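Enquirer: Dropping a structure here in structure tokens format, bear with me for questions.
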Amino acid sequence: MATATQVVEKENYLNVNYGIKSWLLTTDHKRIGLLYLFTITMFFFLGGFFALLIRLELLTPSGDMVQTDIYNRLFTMHGIVMIFLFLIPSIPAVFGNFFIPMMIGARDMAFPKINLLSWYLLLGGGALILYSIVTGGTDTGWTFYAPFSTQYSNSQVIAAALGIFVAGFSSILTGLNFIVTIHRMRAPGLTWVRLPLFIWSNYATAIIQVLGTPVLAITLALVFLERVFHIGFFNAQLGGDPLLFQHLFWFYSHPAVYIMILPSMGVISEVIPCFARKRIFGYAFVAMSSIAIAVFGFLVWAHHMFVSGMSVYAALVFSLLSYAVAVPSAVKVFNWTATMYKGSIHLRTPMLYALGFIGLFTMGGMTGLFLACLGIDVHVTDTYFVVAHFHYIMVGGAVMGYMAALHFWWPKITGKMYSEVWGKVAAVIIFLGFNLTFFPLFVAGYMGMPRRYHVYAPEFQVLNVFSTAGASILGIGYLLPLIYLFWSLRYGKPAGDNPWSAAGLEWTAASPPPTHNFEETPVVTWEAYNYHELPDMPEEDAGVSRI
Amino acid sequence: MSAESSHGSFIAGNLASSVSAHALQHQFADLEQQRESSTLGMWVFLITEVMFFGGMFAVYLINRALHPVAFLEASQHMLFWAGAVNTIVLICSSLFVALAVHAAQEGHRKQIVCFLLLALLLGLVFLGIKGYEYHGHWVEHKVPGPAFQFEGTDPIHSEVFFELYFVMTGFHALHMLIGVGLVAAIAWFAWRGHYTPAYHNAVDNVGLYWHFVDIIWIFLFPLLYLISHKHVP
Amino acid sequence: MWQNLPLWPTEASTISRQVDGLYIALITVTGGVTLLVFATIVFFAIKYNHKRHPVAEAIEGSTPLEILWSAIPLGIFLLFFAWGASIYIFEAKPPRDAMEVYVVAKQWMWKFQYQTGQSEINTLHIPVNRPVRLTMISQDVIHSFYVPDMRVKADVLPGRYTTVWFQPVKAGNYHLFCAVYCGTNHSGMIGEVDVMEPADYEVWLQGGAGQGSMAATGQKLFQELGCINCHRSDEQGRGPNLQGVYGRPVLLDDGHTVMANDDYVRESIMVPGAKIVAGYKPVMPSFQGIVSEEQLLSLMAYVKSLSTPPPAEPAHKRNAAPPPAAGAAVR
């Protein structure tokens, strides 16, 4: 078993050179992944801070903590920061950038400089959004509905819209880089059906990023032009149509939610086989389901508009298609579960997050069926039912997947192991805190509590108190990894090349990897998830955990 | 900002390979992989541009379907000859770009530069004519906003036509301007002898971009100028 | 007096029970499957724990199983799609005899106009057991009319009418919420639907309008604004005679035919150039900025009243088509 010598550290991508310029001008995909890690962690805690304020305000039915205008800006900026500055980049920009080249046996992405540019674009967009926050924020909701956003809102709509526009190009370029890299830079012998499912998921995500984000760009550009020059695409008085905005906006923003969840699903498809010590069940079906989700995801956008005044016939079509898009996700859940059958299960931290993901994503996905159902949607749309649904998917799903990735690949990225005890404790706290925060909101939604309400009817209070209590627990759960992961950088046990005895080319490189990833380009002659050929997973430190 | 820099960096990536005697970038195994990757990258980028303009075309199509008379009457105020000449200009410029690519394949350095400069010149002519048209619209109160005036059956929706006209041709002109910059850049590098028959991918990719911008105009011209066979003199 | 249960809204309309039934069915099915998945995972995690089961078995997959667990969920989904769709379609077809109330939403209040002439702010008074259809428009941004206990919701748009209907089955006061974010006081844009027993409703009706019915108000406006000068009933005017127009197809100068519904009447006043009736010139000025949404509704009520007599009157310059079957489509 490899142990790092205390005296001379092997050269790796972290210690190959030092200095701020070597980081800010790097083209090494691994360093860029870390730059993203740092950036989106900051944005996550900023968005989380807004969420904390929201939940504190909602402890009581009256608006007694902040003024209404501030509250409206809080939920808007929470949405914008979390979606565009955290969730959309998250897994692809951090773990996709870091591991896609390694997983395919390449030295770097196809376009390393564009990769760096993507990071700067995220910073630029983030800077504009931060500017909009400190100068008062915008209060349109992250959905920017016209004509409120284009004519009536007295807030920093333009700065926020520009920020999202710029960040959108970061997303487009990341997607472009992934598509070209995966198509053209696979090692010899690495056919498509030998690829890890993380690659398939990120590939599907990249397709959505490339096709969908430009539509958001033009939509925001039109909002900008309408607001500044008072032209009237979305303004009924000037011959426009507010519903046109909704169609254009949701044409991107629905596929966007698949940008946010598909990479997490890819992570789960890596973690479960490793911690069950066997190949994923139904590889081809899981791979194809990612593509199916990407394709179908573009056909369902108007399910956000069932009560908007659109035609009944259109609503029927979109409802039907929305049910269709649920099938591939269900297929994934069943395949992950079946992978555990007759496996050899190790309930380590990444696996806890992965199983938590399956549980919470299943619940979130099931509640999506309620929203796809026209008769029910009329009642629960624009209520806390929807808020609960998408937080189950985005937080219970995407963020849990992100945490699973972080804990799975931390040893490879840093060369250090974190405390398994604290890892498990945090995972459990997050899981429990999350459910307490968001499950009551389903009930509140069906009872009729509308979303985006600063002041609410008193009968909703008990549910809101539960939710806020859960949010504080959830917050603690997220702070713990910040602490123990940092701690591990200094004091963690050296990880060795492959602490999980995992399959995948990334685990054949050193931890941390050298800048060029591999000494020689590997030639792949084996299928993915060849766990039957790999040694057993090493035990955890004795005396630490009995799970 | 971001559109230009993404264009520029893309080309920088391409050019770097061509700068010092086909230096192979470190992430690629061989020149073939590098060429295929950068070409695929340009195609993917163009697909994003299709989606970007596609949004505008969708807005146009919906509005025209709902308000055909307003659009017809508005289109009669377009300067037909300007649009027609511009269409010829762009098609010829694309021809020159294609000839430049061919010259690069043959290794005729001076020809590459000549054809690229001709294409660039025509691109500037296009922008010039466009500027002349915009000025004319401004003078005739056809720019949407407080100064807009229109005598017609449905002036409110005719104004929507002009809004679309300026947004669509405006973004197109922006892309033309970027294209002019890119063509100038590769003309410079061609002059410096950076392209060989073995590797001239930058010329190919800029050519692709230029043809794409041309094709957008091929759609814009009939949709904006040719709705009616009559035009206001 | 609020009659809400703490964890479930009241079933206050004919549709509430249907929606709740579907909801409970869906909870049962999805809850069941979810619990099954959870139980399976927990079971596998225990039974195949590496201490108990140290060697994993290499299993590739099972195509029949994949087909099974794709087809069965799809089948169940189609069921729920159809069930939900049937409710939605039912909600899209107001009964012909529904009572009409007009709603103008603005930041941040609800204005109700009744055909009998009353107008109120934020409280909707309706009798129990009668269907009511709301025709709604916004003066500014998008709002949404939401009565949880009735299980209905419809966005209220600027520039275009939307409708929602329901039939209350239980007297009482029910929350009315605005459900689309509309600015600062979005959460304050709330009201009450006061469903009254017939006797109480009669009392309320009596206490009402001094100004006459909406149609009467509309007729006065029709004269004051000069509409009557062009839209003459003797066919000599520069504009079409409006007798019998509402609710029937209108032939336009480009050969198309449109239904003369609420949106058509409103557009004809606000953007008259958008659709020109066949045989007439586009000379009508726009009244945008001159009439308010409430005045538009009164004018529309007046125009509607011109169609109440049976279509025995000769129809000039329009298709003499029979009246449409289920009332003018206004969605």
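Chain labels A, B, ... are given in the sequence in which chains occur in the structure tokens; within each chain residues are numbered consecutively from 1, and ligands are likewise numbered from 1 in the order shown.
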Could you tell me which residues of chain A sit within 9 Å of chain B when counting only C-alpha atoms, and give me the result as a PDB file with N, CA and C atoms, in the first residue's frame?
Expert:
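To be explicit, this is the file written out as selection-v2.pdb:
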```pdb
ATOM      1  N   ALA A 106      -7.154  11.098 -20.906  1.00  0.00           N
ATOM      2  CA  ALA A 106      -6.582  12.230 -21.641  1.00  0.00           C
ATOM      3  C   ALA A 106      -5.722  13.075 -20.717  1.00  0.00           C
ATOM      4  N   ARG A 107      -4.944  13.961 -21.331  1.00  0.00           N
ATOM      5  CA  ARG A 107      -4.062  14.806 -20.533  1.00  0.00           C
ATOM      6  C   ARG A 107      -4.759  16.056 -20.047  1.00  0.00           C
ATOM      7  N   ASP A 108      -5.766  16.487 -20.772  1.00  0.00           N
ATOM      8  CA  ASP A 108      -6.487  17.703 -20.397  1.00  0.00           C
ATOM      9  C   ASP A 108      -7.756  17.736 -21.238  1.00  0.00           C
ATOM     10  N   MET A 109      -8.518  18.803 -21.068  1.00  0.00           N
ATOM     11  CA  MET A 109      -9.690  19.007 -21.917  1.00  0.00           C
ATOM     12  C   MET A 109      -9.233  19.357 -23.329  1.00  0.00           C
ATOM     13  N   ALA A 110     -10.165  19.328 -24.271  1.00  0.00           N
ATOM     14  CA  ALA A 110      -9.824  19.696 -25.648  1.00  0.00           C
ATOM     15  C   ALA A 110      -9.369  21.153 -25.721  1.00  0.00           C
ATOM     16  N   PHE A 111     -10.010  22.022 -24.950  1.00  0.00           N
ATOM     17  CA  PHE A 111      -9.695  23.452 -25.033  1.00  0.00           C
ATOM     18  C   PHE A 111      -9.397  23.993 -23.644  1.00  0.00           C
ATOM     19  N   PRO A 112      -8.167  23.840 -23.177  1.00  0.00           N
ATOM     20  CA  PRO A 112      -7.850  24.260 -21.808  1.00  0.00           C
ATOM     21  C   PRO A 112      -8.011  25.760 -21.578  1.00  0.00           C
ATOM     22  N   LYS A 113      -7.684  26.564 -22.574  1.00  0.00           N
ATOM     23  CA  LYS A 113      -7.797  28.011 -22.359  1.00  0.00           C
ATOM     24  C   LYS A 113      -9.262  28.425 -22.281  1.00  0.00           C
ATOM     25  N   ILE A 114     -10.095  27.774 -23.083  1.00  0.00           N
ATOM     26  CA  ILE A 114     -11.520  28.082 -23.002  1.00  0.00           C
ATOM     27  C   ILE A 114     -12.068  27.641 -21.651  1.00  0.00           C
ATOM     28  N   LEU A 117     -11.311  30.377 -19.413  1.00  0.00           N
ATOM     29  CA  LEU A 117     -12.228  31.473 -19.731  1.00  0.00           C
ATOM     30  C   LEU A 117     -13.601  31.230 -19.107  1.00  0.00           C
ATOM     31  N   SER A 118     -14.049  29.997 -19.144  1.00  0.00           N
ATOM     32  CA  SER A 118     -15.345  29.665 -18.531  1.00  0.00           C
ATOM     33  C   SER A 118     -15.372  30.079 -17.069  1.00  0.00           C
ATOM     34  N   LEU A 121     -15.650  33.754 -16.792  1.00  0.00           N
ATOM     35  CA  LEU A 121     -17.012  34.201 -17.126  1.00  0.00           C
ATOM     36  C   LEU A 121     -17.948  33.995 -15.936  1.00  0.00           C
ATOM     37  N   PHE A 165     -26.635  36.468 -17.884  1.00  0.00           N
ATOM     38  CA  PHE A 165     -26.250  36.361 -19.296  1.00  0.00           C
ATOM     39  C   PHE A 165     -24.786  35.936 -19.416  1.00  0.00           C
ATOM     40  N   VAL A 166     -23.927  36.629 -18.661  1.00  0.00           N
ATOM     41  CA  VAL A 166     -22.497  36.326 -18.724  1.00  0.00           C
ATOM     42  C   VAL A 166     -22.223  34.931 -18.158  1.00  0.00           C
ATOM     43  N   PHE A 169     -22.778  32.123 -20.540  1.00  0.00           N
ATOM     44  CA  PHE A 169     -21.722  31.774 -21.494  1.00  0.00           C
ATOM     45  C   PHE A 169     -20.689  30.862 -20.859  1.00  0.00           C
ATOM     46  N   SER A 170     -20.461  31.028 -19.554  1.00  0.00           N
ATOM     47  CA  SER A 170     -19.593  30.087 -18.861  1.00  0.00           C
ATOM     48  C   SER A 170     -20.128  28.674 -19.020  1.00  0.00           C
ATOM     49  N   ILE A 172     -22.214  27.536 -21.339  1.00  0.00           N
ATOM     50  CA  ILE A 172     -22.161  27.092 -22.738  1.00  0.00           C
ATOM     51  C   ILE A 172     -20.765  26.593 -23.087  1.00  0.00           C
ATOM     52  N   LEU A 173     -19.751  27.343 -22.691  1.00  0.00           N
ATOM     53  CA  LEU A 173     -18.385  26.950 -23.058  1.00  0.00           C
ATOM     54  C   LEU A 173     -17.972  25.670 -22.342  1.00  0.00           C
ATOM     55  N   LEU A 176     -19.563  22.943 -24.313  1.00  0.00           N
ATOM     56  CA  LEU A 176     -18.868  22.774 -25.586  1.00  0.00           C
ATOM     57  C   LEU A 176     -17.574  21.978 -25.389  1.00  0.00           C
ATOM     58  N   ASN A 177     -16.833  22.358 -24.360  1.00  0.00           N
ATOM     59  CA  ASN A 177     -15.563  21.692 -24.066  1.00  0.00           C
ATOM     60  C   ASN A 177     -15.805  20.213 -23.765  1.00  0.00           C
ATOM     61  N   ILE A 179     -18.303  18.271 -24.722  1.00  0.00           N
ATOM     62  CA  ILE A 179     -18.741  17.513 -25.892  1.00  0.00           C
ATOM     63  C   ILE A 179     -17.549  17.157 -26.770  1.00  0.00           C
ATOM     64  N   VAL A 180     -16.712  18.147 -27.062  1.00  0.00           N
ATOM     65  CA  VAL A 180     -15.570  17.882 -27.941  1.00  0.00           C
ATOM     66  C   VAL A 180     -14.595  16.923 -27.269  1.00  0.00           C
ATOM     67  N   THR A 181     -14.346  17.127 -25.991  1.00  0.00           N
ATOM     68  CA  THR A 181     -13.403  16.267 -25.272  1.00  0.00           C
ATOM     69  C   THR A 181     -13.868  14.823 -25.276  1.00  0.00           C
ATOM     70  N   HIS A 183     -15.976  13.367 -27.281  1.00  0.00           N
ATOM     71  CA  HIS A 183     -16.005  12.787 -28.616  1.00  0.00           C
ATOM     72  C   HIS A 183     -14.625  12.437 -29.127  1.00  0.00           C
ATOM     73  N   ARG A 184     -13.658  13.310 -28.860  1.00  0.00           N
ATOM     74  CA  ARG A 184     -12.413  13.227 -29.630  1.00  0.00           C
ATOM     75  C   ARG A 184     -11.202  12.779 -28.837  1.00  0.00           C
ATOM     76  N   MET A 185     -11.306  12.728 -27.483  1.00  0.00           N
ATOM     77  CA  MET A 185     -10.063  12.533 -26.748  1.00  0.00           C
ATOM     78  C   MET A 185     -10.064  11.295 -25.870  1.00  0.00           C
ATOM     79  N   VAL A 210     -25.522  23.388 -24.152  1.00  0.00           N
ATOM     80  CA  VAL A 210     -25.202  23.978 -25.452  1.00  0.00           C
ATOM     81  C   VAL A 210     -26.469  24.381 -26.208  1.00  0.00           C
ATOM     82  N   LEU A 211     -27.502  23.588 -26.109  1.00  0.00           N
ATOM     83  CA  LEU A 211     -28.711  23.892 -26.876  1.00  0.00           C
ATOM     84  C   LEU A 211     -29.645  24.853 -26.146  1.00  0.00           C
ATOM     85  N   GLY A 212     -29.692  24.769 -24.829  1.00  0.00           N
ATOM     86  CA  GLY A 212     -30.694  25.536 -24.089  1.00  0.00           C
ATOM     87  C   GLY A 212     -30.248  26.916 -23.666  1.00  0.00           C
ATOM     88  N   THR A 213     -29.005  27.021 -23.192  1.00  0.00           N
ATOM     89  CA  THR A 213     -28.582  28.287 -22.610  1.00  0.00           C
ATOM     90  C   THR A 213     -28.647  29.458 -23.574  1.00  0.00           C
ATOM     91  N   PRO A 214     -28.329  29.260 -24.868  1.00  0.00           N
ATOM     92  CA  PRO A 214     -28.455  30.413 -25.774  1.00  0.00           C
ATOM     93  C   PRO A 214     -29.866  31.000 -25.814  1.00  0.00           C
ATOM     94  N   VAL A 215     -30.877  30.155 -25.602  1.00  0.00           N
ATOM     95  CA  VAL A 215     -32.242  30.694 -25.610  1.00  0.00           C
ATOM     96  C   VAL A 215     -32.461  31.581 -24.389  1.00  0.00           C
ATOM     97  N   LEU A 216     -31.872  31.187 -23.263  1.00  0.00           N
ATOM     98  CA  LEU A 216     -31.933  32.071 -22.091  1.00  0.00           C
ATOM     99  C   LEU A 216     -31.230  33.378 -22.399  1.00  0.00           C
ATOM    100  N   ALA A 217     -30.112  33.280 -23.112  1.00  0.00           N
ATOM    101  CA  ALA A 217     -29.351  34.485 -23.432  1.00  0.00           C
ATOM    102  C   ALA A 217     -30.203  35.461 -24.234  1.00  0.00           C
ATOM    103  N   ILE A 218     -30.862  34.963 -25.265  1.00  0.00           N
ATOM    104  CA  ILE A 218     -31.647  35.893 -26.076  1.00  0.00           C
ATOM    105  C   ILE A 218     -32.851  36.409 -25.289  1.00  0.00           C
ATOM    106  N   THR A 219     -33.419  35.561 -24.424  1.00  0.00           N
ATOM    107  CA  THR A 219     -34.561  36.015 -23.625  1.00  0.00           C
ATOM    108  C   THR A 219     -34.151  37.144 -22.699  1.00  0.00           C
ATOM    109  N   LEU A 222     -33.614  40.298 -24.600  1.00  0.00           N
ATOM    110  CA  LEU A 222     -34.868  40.986 -24.927  1.00  0.00           C
ATOM    111  C   LEU A 222     -35.432  41.704 -23.705  1.00  0.00           C
ATOM    112  N   LEU A 225     -33.414  44.844 -23.407  1.00  0.00           N
ATOM    113  CA  LEU A 225     -33.791  45.840 -24.416  1.00  0.00           C
ATOM    114  C   LEU A 225     -35.152  46.447 -24.090  1.00  0.00           C
ATOM    115  N   PHE A 229     -35.016  50.273 -23.511  1.00  0.00           N
ATOM    116  CA  PHE A 229     -35.520  51.028 -24.652  1.00  0.00           C
ATOM    117  C   PHE A 229     -37.040  51.026 -24.756  1.00  0.00           C
ATOM    118  N   HIS A 230     -37.701  50.406 -23.812  1.00  0.00           N
ATOM    119  CA  HIS A 230     -39.165  50.396 -23.781  1.00  0.00           C
ATOM    120  C   HIS A 230     -39.791  49.860 -25.055  1.00  0.00           C
ATOM    121  N   ILE A 231     -39.161  48.876 -25.647  1.00  0.00           N
ATOM    122  CA  ILE A 231     -39.816  48.205 -26.766  1.00  0.00           C
ATOM    123  C   ILE A 231     -40.749  47.148 -26.199  1.00  0.00           C
ATOM    124  N   GLY A 232     -41.553  46.513 -27.055  1.00  0.00           N
ATOM    125  CA  GLY A 232     -42.710  45.823 -26.488  1.00  0.00           C
ATOM    126  C   GLY A 232     -42.949  44.371 -26.808  1.00  0.00           C
ATOM    127  N   PHE A 233     -41.901  43.521 -26.846  1.00  0.00           N
ATOM    128  CA  PHE A 233     -42.199  42.127 -27.172  1.00  0.00           C
ATOM    129  C   PHE A 233     -43.102  41.484 -26.143  1.00  0.00           C
ATOM    130  N   GLN A 237     -49.552  46.367 -23.944  1.00  0.00           N
ATOM    131  CA  GLN A 237     -49.964  47.677 -24.441  1.00  0.00           C
ATOM    132  C   GLN A 237     -49.220  48.062 -25.715  1.00  0.00           C
ATOM    133  N   LEU A 238     -48.031  47.517 -25.902  1.00  0.00           N
ATOM    134  CA  LEU A 238     -47.244  47.854 -27.086  1.00  0.00           C
ATOM    135  C   LEU A 238     -47.330  46.747 -28.134  1.00  0.00           C
ATOM    136  N   GLY A 239     -48.321  45.920 -28.026  1.00  0.00           N
ATOM    137  CA  GLY A 239     -48.519  44.903 -29.048  1.00  0.00           C
ATOM    138  C   GLY A 239     -47.810  43.594 -28.788  1.00  0.00           C
ATOM    139  N   GLY A 240     -47.228  43.470 -27.596  1.00  0.00           N
ATOM    140  CA  GLY A 240     -46.518  42.241 -27.285  1.00  0.00           C
ATOM    141  C   GLY A 240     -47.369  41.293 -26.452  1.00  0.00           C
ATOM    142  N   LEU A 244     -45.399  35.177 -24.103  1.00  0.00           N
ATOM    143  CA  LEU A 244     -44.247  34.868 -24.948  1.00  0.00           C
ATOM    144  C   LEU A 244     -42.983  34.809 -24.100  1.00  0.00           C
ATOM    145  N   LEU A 248     -40.457  31.508 -23.775  1.00  0.00           N
ATOM    146  CA  LEU A 248     -39.018  31.618 -24.053  1.00  0.00           C
ATOM    147  C   LEU A 248     -38.204  31.280 -22.811  1.00  0.00           C
ATOM    148  N   HIS A 516       0.135  16.088 -15.753  1.00  0.00           N
ATOM    149  CA  HIS A 516      -0.224  15.477 -17.031  1.00  0.00           C
ATOM    150  C   HIS A 516      -1.064  14.220 -16.877  1.00  0.00           C
TER     151      HIS A 516
END
```
Enquirer: May I ask you to extract the residues of chain C within 7 Å of chain A, using only C-alpha atoms, and to give them as a PDB file with C-alpha atoms, in the first residue's frame?
Expert:
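Output file iface11.pdb is given in full below:
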```pdb
ATOM      1  CA  PRO C   6     -55.398  22.542  10.112  1.00  0.00           C
ATOM      2  CA  LEU C   7     -53.841  20.190   7.582  1.00  0.00           C
ATOM      3  CA  TRP C   8     -56.236  20.161   4.676  1.00  0.00           C
ATOM      4  CA  PRO C   9     -58.210  22.854   2.901  1.00  0.00           C
ATOM      5  CA  VAL C  19     -59.101  17.012  -6.890  1.00  0.00           C
ATOM      6  CA  TYR C  23     -54.474  13.649  -4.815  1.00  0.00           C
ATOM      7  CA  THR C  30     -46.400   7.071  -5.184  1.00  0.00           C
ATOM      8  CA  THR C  34     -41.445   5.054  -2.595  1.00  0.00           C
ATOM      9  CA  PHE C  38     -36.788   2.530   0.562  1.00  0.00           C
ATOM     10  CA  ILE C  41     -32.612  -0.412  -0.262  1.00  0.00           C
ATOM     11  CA  PHE C  44     -30.219  -4.870   0.577  1.00  0.00           C
ATOM     12  CA  ALA C  45     -27.940  -2.661   2.645  1.00  0.00           C
ATOM     13  CA  TYR C  48     -25.676  -7.698   1.514  1.00  0.00           C
ATOM     14  CA  ASN C  49     -23.492  -5.761   3.903  1.00  0.00           C
ATOM     15  CA  HIS C  50     -19.887  -6.551   3.135  1.00  0.00           C
ATOM     16  CA  HIS C  53     -21.783 -10.898   2.104  1.00  0.00           C
ATOM     17  CA  PRO C  54     -18.117 -10.343   1.306  1.00  0.00           C
ATOM     18  CA  VAL C  55     -18.168 -11.337  -2.334  1.00  0.00           C
ATOM     19  CA  ALA C  56     -20.363  -9.417  -4.771  1.00  0.00           C
ATOM     20  CA  GLU C  57     -21.991 -11.327  -7.589  1.00  0.00           C
ATOM     21  CA  ALA C  58     -21.325 -10.042 -11.088  1.00  0.00           C
ATOM     22  CA  ILE C  59     -24.740  -9.320 -12.594  1.00  0.00           C
ATOM     23  CA  GLU C  60     -25.009  -7.527 -15.906  1.00  0.00           C
ATOM     24  CA  GLY C  61     -28.663  -6.624 -16.004  1.00  0.00           C
ATOM     25  CA  SER C  62     -31.982  -7.922 -17.233  1.00  0.00           C
ATOM     26  CA  TRP C  69     -40.178  -1.329 -14.833  1.00  0.00           C
ATOM     27  CA  SER C  70     -40.413   1.100 -17.701  1.00  0.00           C
ATOM     28  CA  PRO C  73     -44.716   3.105 -14.439  1.00  0.00           C
ATOM     29  CA  LEU C  74     -45.587   4.506 -17.862  1.00  0.00           C
ATOM     30  CA  PHE C  77     -48.535   7.586 -15.348  1.00  0.00           C
ATOM     31  CA  PHE C  80     -53.007   9.667 -13.758  1.00  0.00           C
ATOM     32  CA  PHE C  81     -52.492  11.841 -16.805  1.00  0.00           C
ATOM     33  CA  GLY C  84     -55.950  14.804 -14.170  1.00  0.00           C
ATOM     34  CA  ALA C  85     -56.706  15.838 -17.726  1.00  0.00           C
ATOM     35  CA  ILE C  87     -60.573  17.370 -14.288  1.00  0.00           C
ATOM     36  CA  TYR C  88     -58.693  20.092 -16.150  1.00  0.00           C
ATOM     37  CA  VAL C 141     -48.664  42.992 -14.214  1.00  0.00           C
ATOM     38  CA  PRO C 148     -57.466  27.079  -2.323  1.00  0.00           C
ATOM     39  CA  ARG C 151     -59.091  24.173  -5.789  1.00  0.00           C
ATOM     40  CA  VAL C 152     -59.061  26.647  -8.664  1.00  0.00           C
ATOM     41  CA  LYS C 153     -56.454  29.036  -9.875  1.00  0.00           C
ATOM     42  CA  ALA C 154     -56.028  31.105 -13.021  1.00  0.00           C
ATOM     43  CA  ASP C 155     -53.497  33.717 -13.942  1.00  0.00           C
ATOM     44  CA  PRO C 158     -52.694  42.371 -18.804  1.00  0.00           C
ATOM     45  CA  GLY C 159     -54.177  42.888 -22.243  1.00  0.00           C
ATOM     46  CA  THR C 162     -58.762  34.845 -18.724  1.00  0.00           C
ATOM     47  CA  ALA C 179     -50.586  33.461  -6.609  1.00  0.00           C
ATOM     48  CA  VAL C 180     -48.169  35.034  -9.067  1.00  0.00           C
ATOM     49  CA  TYR C 181     -45.525  37.357  -7.733  1.00  0.00           C
ATOM     50  CA  CYS C 182     -46.602  40.869  -8.653  1.00  0.00           C
ATOM     51  CA  GLY C 183     -44.425  43.243  -6.701  1.00  0.00           C
ATOM     52  CA  THR C 184     -43.991  44.616  -3.243  1.00  0.00           C
ATOM     53  CA  HIS C 186     -47.914  40.519  -3.471  1.00  0.00           C
ATOM     54  CA  SER C 187     -48.489  38.778  -0.166  1.00  0.00           C
ATOM     55  CA  ARG C 331     -59.903  30.935 -22.799  1.00  0.00           C
TER      56      ARG C 331
END
```
Enquirer: From the set B:Tyr199, B:Phe166, B:Phe148, B:Phe212, which residue has the shortest atom-to-atom contact distance to B:Ala104, counting only C-alpha atoms?
Expert: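 Checking each of B:Tyr199, B:Phe166, B:Phe148, B:Phe212 against B:Ala104, counting only C-alpha atoms, the winner is B:Tyr199.
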Enquirer: Can you write out as a tab-separated table which residues of chain C fall within 7 Å of chain B, alongside each residue's closest atom pair and its distance in Å to one decimal, counting only C-alpha atoms and ordering rows by chain and ascending residue number?
Expert:
```
residue	atom	partner	partner_atom	distance
C:Gly273	CA	B:Asp154	CA	4.2
C:Ala274	CA	B:Asp154	CA	5.4
C:Pro282	CA	B:Thr153	CA	6.0
```
Enquirer: Could you write out, as a VMD selection string, all the residues of stretch 67-274 of chain A that DSSP marks as alpha helix (DSSP H)?
Expert: chain A and resid 68 to 80 90 to 91 97 to 103 112 to 134 157 to 184 197 to 229 242 to 274
Enquirer: Quick one: residues within 10 Å of stretch 221-236 of chain C, only C-alpha atoms counted, chain neighbours fewer than 2 positions away excluded, as a PyMOL selection string?
Expert: chain C and resi 215-219+238-243+269+284+287+290-291+295-296+298-300+302-303+316-317
Enquirer: For those residues, write C-alpha atoms to a file as a PDB file, in the first residue's frame.
Expert:
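Produced file result_29.pdb, reproduced below:
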```pdb
ATOM      1  CA  ALA C 215     -74.763  46.915 -19.452  1.00  0.00           C
ATOM      2  CA  ALA C 216     -76.547  50.162 -18.690  1.00  0.00           C
ATOM      3  CA  THR C 217     -73.276  51.771 -17.655  1.00  0.00           C
ATOM      4  CA  GLY C 218     -71.756  50.464 -20.826  1.00  0.00           C
ATOM      5  CA  GLN C 219     -74.502  51.925 -22.947  1.00  0.00           C
ATOM      6  CA  ARG C 238     -68.678  53.797 -40.866  1.00  0.00           C
ATOM      7  CA  GLY C 239     -68.447  50.921 -38.415  1.00  0.00           C
ATOM      8  CA  PRO C 240     -70.332  47.644 -38.247  1.00  0.00           C
ATOM      9  CA  ASN C 241     -73.658  47.440 -36.498  1.00  0.00           C
ATOM     10  CA  LEU C 242     -73.006  45.689 -33.221  1.00  0.00           C
ATOM     11  CA  GLN C 243     -76.426  44.111 -32.814  1.00  0.00           C
ATOM     12  CA  ILE C 269     -61.524  48.964 -28.890  1.00  0.00           C
ATOM     13  CA  MET C 284     -61.448  53.463 -36.008  1.00  0.00           C
ATOM     14  CA  PHE C 287     -59.077  53.967 -27.139  1.00  0.00           C
ATOM     15  CA  ILE C 290     -58.702  56.549 -22.753  1.00  0.00           C
ATOM     16  CA  VAL C 291     -60.816  53.807 -21.235  1.00  0.00           C
ATOM     17  CA  GLN C 295     -65.005  50.780 -18.472  1.00  0.00           C
ATOM     18  CA  LEU C 296     -64.001  48.227 -21.071  1.00  0.00           C
ATOM     19  CA  SER C 298     -68.972  47.771 -18.991  1.00  0.00           C
ATOM     20  CA  LEU C 299     -68.766  48.378 -22.729  1.00  0.00           C
ATOM     21  CA  MET C 300     -68.391  44.676 -23.260  1.00  0.00           C
ATOM     22  CA  TYR C 302     -73.358  46.409 -23.253  1.00  0.00           C
ATOM     23  CA  VAL C 303     -72.186  44.789 -26.487  1.00  0.00           C
ATOM     24  CA  HIS C 316     -75.667  42.433 -42.518  1.00  0.00           C
ATOM     25  CA  LYS C 317     -72.123  41.805 -43.706  1.00  0.00           C
TER      26      LYS C 317
END
```
